[in-house]
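What follows is a short report on a single structure.
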Amino acid sequence: MVVVDWDAVDMVCSLEFWRMAVCWTLSLLYSHLYLLLAPRLSALFPSLLGPTPPRFPRRRFAPGPSSPIQRPLGVITGASSGLGAAAARALAAEGYHVILAGRNPQTLTKTIQEIKKHDQNACVESFQVDISSIYSIMKFESSIKQWLEESNLHPSIQLLINNAGILAKSSRVTADGFDQMMETNYLGAFFLTNIMLPLLKNSPVPSRIVNVTSFTHRSVSHVDVNMGNLARENLHCLSTLGKYQFAQTYEYSKFCTLLFSYELHRQLYVMDPASNVSIMAADPGAVATNIMRELPPSLKRLAFLVLGFLQLLQSPEIGVDSIMDAALAPPEASGRYFFGAKGRTIKSSPVSYDARLAETLWLTSFKLFEECKARVVNQ
Ligand SMILES: NC(=O)c1ccc[n+]([C@@H]2O[C@H](COP(=O)([O-])OP(=O)(O)OC[C@H]3O[C@@H](n4cnc5c(N)ncnc54)[C@H](OP(=O)(O)O)[C@@H]3O)[C@@H](O)[C@H]2O)c1
């Protein structure tokens with residue numbers, strides 16, 4: 001008997017599915033072609049295209065004997081699976097003290113056990129946090145502070161990797177009142193970063209924020225950043241005819257993450273060099289993880305099959321390279337978009353470099369941040 005997967009049929013009949021299948025594949029192909037052709041085309045038309053974005057070699061943390069930080073402390077959100085777990089393994093191997101941040105204690109413990117299986121001496125901790133809840137983020141920060149104090153460690157962190165993310169198929173509203181995909185992928189990272197900034201700034205050695213974004217940001221063309229796009233009261237902006245525009249919302253969340261990275265780079269690295277904080281954006285490319293867990297399994301298999309056939313699909317161990325490149329690059333790479341491993345950077349979409357748009361997004365997000373924080377404090 002043939003069993004029809006009506007969920008998959010319904011999705012294939014949607015515009016969002018085709019947007020994902022066509023626009024995202026083209027965006028990914030564009031990024032790979034850029035890697036391949038930019039150096040040659042820049043050499044041919046230097047005045048038209050400008051210089052090729054540089055490569056940045058990784059640097060190992062090398063503390064002096066009197067440095068108050070002997071082992072840098074790195075926090076990774078969404079470290080219970082996929083790229084986050086791979087980044088935790090790679091950072092532990094680099095000698096970092098790694099804090100795995102995630103919402104599920106069981107999967108976090110499993111990741112720690114796997115890391116310890118390979119390296120008994122790895123320094124790894126797990127802390128619970130739901131990135132789509134400002135209350136949980138505030139609790140997370142105070143737990144970290146308390147743990148630093150109790151462990152007699154310097155009250156600072158050296159690295160924050162905002163990696164947690166979802167590709168939600170349906171519209172859900174968080175306790176803070178936002179679209180769940182927007183809060184998990186962008187607003188939560190914005191809130192967490194602002195809450196963790198004092199600990200990053202307090203580092204006696206240069207510290208770093210890495211925001212994990214995606215090639216899908218290239219599909220965002222018409223951009224209107226305002227409260228309506230981000231806040232609860234106008235959540236319906238993200239959907240029409242009762243259908244959730246999951247592909248557009250995902251792209252938009254990753255686009256906002258990129259604007260946020262560039263704006264933070266301007267505010268900290270450029271305007272406030274004394275802060276000693278650098279900010280990188282990292283795009284892992286297409287990676288075989290659980291990110292499509294909400295999609296019908298048959299479509300997920302099909303996507304992996306097509307991406308594999310096009311030789312565009314990577315394992316988490318390979319995909320994590322651009323994140324690790326961003327985490328370990330020298331500070332002067334701040335404000336760059338890492339893609340394609342080997343320390344390579346490329347240009348993101350032209351509209352993502354719109355500084356005024358980034359500033360508007362920052363101000364809007366910061367207002368929401370203050371409102372949410374005040375709500376939690378007054379509860
Ligand atoms: N895979 C790709 O092809 C690809 C391409 C470009 C960019 N990215 C980005 O890479 C990042 C990592 O994704 P992945 O591919 O590794 O997918 P994944 O395997 O699904 O991992 C996502 C991680 O985020 C966590 N997470 C989700 N919601 C959370 C929340 N509210 N609070 C805390 N943690 C939460 C998940 O934890 P649970 O296990 O508890 O759900 C999981 O650990 C995402 O930002 C994604 O957008 C992925």
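Residue numbers start at 1 in each chain; chains themselves are named A, B, ... in the order of the structure tokens; ligands are numbered from 1 in the order shown.
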
Write out as a ChimeraX atom specification each polymer residue (protein, DNA or RNA) that has an atom no more than 7 Å from ligand 1, with only C-alpha atoms and all ligand atoms counted. /A:77-84,101-104,107,129-132,163-166,184-185,212-215,283-293

Go ahead and dump the residues you just picked, N, CA and C atoms, as an mmCIF file, in the first residue's frame.
data_model
loop_
_atom_site.group_PDB
_atom_site.id
_atom_site.type_symbol
_atom_site.label_atom_id
_atom_site.label_comp_id
_atom_site.auth_asym_id
_atom_site.auth_seq_id
_atom_site.Cartn_x
_atom_site.Cartn_y
_atom_site.Cartn_z
ATOM 1 N N THR A 77 26.304 28.667 22.365
ATOM 2 C CA THR A 77 24.873 28.353 22.507
ATOM 3 C C THR A 77 24.494 27.282 21.485
ATOM 4 N N GLY A 78 23.471 26.520 21.824
ATOM 5 C CA GLY A 78 23.029 25.437 20.928
ATOM 6 C C GLY A 78 24.126 24.405 20.764
ATOM 7 N N ALA A 79 24.779 24.083 21.896
ATOM 8 C CA ALA A 79 25.949 23.188 21.818
ATOM 9 C C ALA A 79 25.561 21.722 21.960
ATOM 10 N N SER A 80 24.243 21.439 21.974
ATOM 11 C CA SER A 80 23.837 20.053 22.211
ATOM 12 C C SER A 80 23.794 19.221 20.939
ATOM 13 N N SER A 81 23.874 19.865 19.774
ATOM 14 C CA SER A 81 23.870 19.053 18.548
ATOM 15 C C SER A 81 24.511 19.823 17.393
ATOM 16 N N GLY A 82 24.666 19.138 16.278
ATOM 17 C CA GLY A 82 25.119 19.767 15.034
ATOM 18 C C GLY A 82 26.387 20.585 15.155
ATOM 19 N N LEU A 83 26.316 21.810 14.629
ATOM 20 C CA LEU A 83 27.500 22.669 14.567
ATOM 21 C C LEU A 83 27.961 23.125 15.949
ATOM 22 N N GLY A 84 27.014 23.344 16.858
ATOM 23 C CA GLY A 84 27.376 23.776 18.212
ATOM 24 C C GLY A 84 28.186 22.705 18.925
ATOM 25 N N ALA A 101 26.091 25.726 26.214
ATOM 26 C CA ALA A 101 24.822 26.324 26.637
ATOM 27 C C ALA A 101 23.698 25.761 25.780
ATOM 28 N N GLY A 102 22.659 25.248 26.437
ATOM 29 C CA GLY A 102 21.538 24.693 25.674
ATOM 30 C C GLY A 102 20.341 24.488 26.567
ATOM 31 N N ARG A 103 19.238 24.112 25.938
ATOM 32 C CA ARG A 103 18.012 24.034 26.757
ATOM 33 C C ARG A 103 17.746 22.637 27.287
ATOM 34 N N ASN A 104 18.465 21.640 26.774
ATOM 35 C CA ASN A 104 18.181 20.269 27.190
ATOM 36 C C ASN A 104 19.374 19.656 27.946
ATOM 37 N N THR A 107 20.860 16.189 26.532
ATOM 38 C CA THR A 107 21.686 16.218 25.309
ATOM 39 C C THR A 107 23.011 16.947 25.558
ATOM 40 N N VAL A 129 20.104 27.057 29.158
ATOM 41 C CA VAL A 129 19.540 28.354 28.748
ATOM 42 C C VAL A 129 18.599 28.141 27.562
ATOM 43 N N ASP A 130 17.474 28.848 27.640
ATOM 44 C CA ASP A 130 16.563 28.877 26.500
ATOM 45 C C ASP A 130 16.747 30.253 25.867
ATOM 46 N N ILE A 131 17.347 30.261 24.682
ATOM 47 C CA ILE A 131 17.676 31.534 24.032
ATOM 48 C C ILE A 131 16.424 32.322 23.648
ATOM 49 N N SER A 132 15.281 31.637 23.593
ATOM 50 C CA SER A 132 14.060 32.353 23.219
ATOM 51 C C SER A 132 13.317 32.868 24.458
ATOM 52 N N ASN A 163 25.282 30.526 18.363
ATOM 53 C CA ASN A 163 25.073 29.499 17.344
ATOM 54 C C ASN A 163 23.650 28.946 17.331
ATOM 55 N N ALA A 164 22.956 28.964 18.488
ATOM 56 C CA ALA A 164 21.636 28.321 18.562
ATOM 57 C C ALA A 164 20.722 28.856 17.469
ATOM 58 N N GLY A 165 19.984 27.959 16.844
ATOM 59 C CA GLY A 165 19.079 28.407 15.792
ATOM 60 C C GLY A 165 18.091 27.325 15.434
ATOM 61 N N ILE A 166 16.967 27.756 14.856
ATOM 62 C CA ILE A 166 15.967 26.782 14.402
ATOM 63 C C ILE A 166 15.445 27.180 13.026
ATOM 64 N N THR A 184 14.772 33.038 18.653
ATOM 65 C CA THR A 184 15.869 32.072 18.808
ATOM 66 C C THR A 184 17.062 32.469 17.935
ATOM 67 N N ASN A 185 16.777 32.819 16.683
ATOM 68 C CA ASN A 185 17.877 33.037 15.737
ATOM 69 C C ASN A 185 18.515 34.416 15.842
ATOM 70 N N VAL A 212 26.696 33.166 14.284
ATOM 71 C CA VAL A 212 26.521 32.200 13.192
ATOM 72 C C VAL A 212 25.331 32.633 12.337
ATOM 73 N N THR A 213 25.636 32.943 11.084
ATOM 74 C CA THR A 213 24.578 33.389 10.182
ATOM 75 C C THR A 213 24.484 32.400 9.016
ATOM 76 N N SER A 214 23.944 32.821 7.904
ATOM 77 C CA SER A 214 23.725 31.839 6.842
ATOM 78 C C SER A 214 23.690 32.508 5.470
ATOM 79 N N PHE A 215 24.102 31.726 4.467
ATOM 80 C CA PHE A 215 24.040 32.182 3.069
ATOM 81 C C PHE A 215 22.616 32.585 2.676
ATOM 82 N N ASP A 283 29.536 31.805 8.465
ATOM 83 C CA ASP A 283 28.527 31.073 7.696
ATOM 84 C C ASP A 283 29.081 29.684 7.388
ATOM 85 N N PRO A 284 28.480 28.641 7.966
ATOM 86 C CA PRO A 284 29.046 27.296 7.773
ATOM 87 C C PRO A 284 28.746 26.684 6.412
ATOM 88 N N GLY A 285 27.874 27.297 5.607
ATOM 89 C CA GLY A 285 27.459 26.653 4.353
ATOM 90 C C GLY A 285 26.365 25.641 4.654
ATOM 91 N N ALA A 286 26.153 24.689 3.755
ATOM 92 C CA ALA A 286 25.105 23.676 3.992
ATOM 93 C C ALA A 286 25.708 22.496 4.742
ATOM 94 N N VAL A 287 25.097 22.174 5.884
ATOM 95 C CA VAL A 287 25.673 21.151 6.762
ATOM 96 C C VAL A 287 24.594 20.146 7.165
ATOM 97 N N ALA A 288 24.957 18.874 7.165
ATOM 98 C CA ALA A 288 23.997 17.816 7.523
ATOM 99 C C ALA A 288 23.837 17.755 9.041
ATOM 100 N N THR A 289 22.890 18.548 9.552
ATOM 101 C CA THR A 289 22.611 18.582 10.992
ATOM 102 C C THR A 289 21.112 18.352 11.193
ATOM 103 N N ASN A 290 20.640 18.690 12.396
ATOM 104 C CA ASN A 290 19.203 18.528 12.693
ATOM 105 C C ASN A 290 18.386 19.779 12.365
ATOM 106 N N ILE A 291 18.998 20.739 11.682
ATOM 107 C CA ILE A 291 18.326 22.027 11.486
ATOM 108 C C ILE A 291 16.964 21.881 10.780
ATOM 109 N N MET A 292 16.820 20.830 9.950
ATOM 110 C CA MET A 292 15.551 20.659 9.229
ATOM 111 C C MET A 292 14.612 19.702 9.955
ATOM 112 N N ARG A 293 14.794 19.577 11.268
ATOM 113 C CA ARG A 293 14.035 18.561 12.018
ATOM 114 C C ARG A 293 12.522 18.739 11.933
#

Could you please write out, as a VMD selection string, every residue of region 22-247 of chain A that DSSP assigns to strand (DSSP E or B)? chain A and resid 55 73 to 77 97 to 102 124 to 128 159 to 162 173 179 207 to 212 239 to 240 243 to 244

I'd like to know which residues of region 8-216 of chain A are helix (DSSP H, G or I) (by DSSP, run on the backbone); could you write them as a ChimeraX atom specification? /A:8-12,15-44,46-49,82-93,105-118,134-150,180-201,215-216

Skip Tyr34 (chain A) itself and residues of its chain fewer than 6 positions away, then list as a PyMOL selection string all residues within 10 Å of it, counting only C-alpha atoms. chain A and resi 28+40-41+52+346-347

Can I get the selected residues back with N, CA and C atoms, as a PDB file, in the first residue's frame?
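In the end it all went to result_4.pdb:
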ATOM      1  N   LEU A  28      23.581  29.741  -2.032  1.00  0.00           N
ATOM      2  CA  LEU A  28      24.735  28.921  -1.634  1.00  0.00           C
ATOM      3  C   LEU A  28      25.724  28.797  -2.793  1.00  0.00           C
ATOM      4  N   ARG A  40      40.224  35.800  -9.028  1.00  0.00           N
ATOM      5  CA  ARG A  40      40.568  35.990 -10.455  1.00  0.00           C
ATOM      6  C   ARG A  40      39.935  37.264 -11.012  1.00  0.00           C
ATOM      7  N   LEU A  41      38.628  37.459 -10.713  1.00  0.00           N
ATOM      8  CA  LEU A  41      37.935  38.633 -11.266  1.00  0.00           C
ATOM      9  C   LEU A  41      38.499  39.930 -10.687  1.00  0.00           C
ATOM     10  N   THR A  52      40.155  41.344  -3.156  1.00  0.00           N
ATOM     11  CA  THR A  52      39.483  40.135  -2.673  1.00  0.00           C
ATOM     12  C   THR A  52      39.507  40.155  -1.146  1.00  0.00           C
ATOM     13  N   ILE A 346      34.402  36.217   2.718  1.00  0.00           N
ATOM     14  CA  ILE A 346      33.822  36.707   1.456  1.00  0.00           C
ATOM     15  C   ILE A 346      32.938  37.916   1.769  1.00  0.00           C
ATOM     16  N   LYS A 347      32.393  38.522   0.726  1.00  0.00           N
ATOM     17  CA  LYS A 347      31.465  39.642   0.951  1.00  0.00           C
ATOM     18  C   LYS A 347      30.064  39.072   1.149  1.00  0.00           C
TER      19      LYS A 347
END

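Residue neighbourhood of Pro206 (chain A), excluding near-sequence residues (fewer than 3 positions): A:Ile157, A:Gln158, A:Leu159, A:Leu200, A:Lys201, A:Asn202, A:Ser203, A:Ala274, A:Ser275, A:Asn276, A:Val277, A:Ser278, A:Pro330, A:Pro331, at 10 Å, using only C-alpha atoms.
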
Go ahead and save the picked residues with C-alpha atoms, as a CSV table (one decimal), in the first residue's frame.
chain,number,residue,atom,x,y,z
A,157,ILE,CA,34.7,35.3,29.3
A,158,GLN,CA,36.9,35.4,26.2
A,159,LEU,CA,34.5,34.0,23.6
A,200,LEU,CA,33.5,40.1,27.6
A,201,LYS,CA,34.7,43.6,28.2
A,202,ASN,CA,36.1,42.6,31.5
A,203,SER,CA,38.5,40.1,29.9
A,274,ALA,CA,39.6,50.0,24.4
A,275,SER,CA,36.8,47.4,24.8
A,276,ASN,CA,39.2,44.9,23.2
A,277,VAL,CA,36.2,43.0,21.8
A,278,SER,CA,36.1,41.8,18.1
A,330,PRO,CA,43.3,37.7,14.8
A,331,PRO,CA,41.3,40.6,16.1

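Separating CA of Gln248 (chain A) from CA of Val351 (chain A) is a distance of 15.9 Å.
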
When distances are computed from only C-alpha atoms, which of A:Met280, A:Ile209, A:Leu368, A:Leu357 shows the smallest separation from Val75 (chain A)? A:Ile209

Do a neighbour search on Pro54 (chain A) at 10 Å with only C-alpha atoms, toss out local chain neighbours closer than 6 positions, and write the hits as a list in words.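 Surrounding residues, per the criterion: Pro39, Ala333, Arg336, Phe338, Gly343, Arg344, Thr345 and Ile346 of chain A.
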
Export of the given selection (C-alpha atoms) as a short mmCIF file (atom, residue, chain, number, x, y, z; two decimals), in the first residue's frame:
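The new file again37.cif reads:
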data_model
loop_
_atom_site.label_atom_id
_atom_site.label_comp_id
_atom_site.auth_asym_id
_atom_site.auth_seq_id
_atom_site.Cartn_x
_atom_site.Cartn_y
_atom_site.Cartn_z
CA PRO A 39 40.37 36.39 -6.66
CA ALA A 333 39.49 40.32 11.18
CA ARG A 336 34.39 40.05 8.42
CA PHE A 338 33.82 33.92 7.26
CA GLY A 343 40.47 31.22 7.05
CA ARG A 344 38.63 32.59 4.03
CA THR A 345 36.22 35.52 4.13
CA ILE A 346 33.82 36.71 1.46
#

Please determine, counting only C-alpha atoms, which residue among A:Ser334, A:Tyr96, A:Pro65, A:Asn194 has the shortest atom-to-atom distance to Lys373 (chain A). A:Asn194
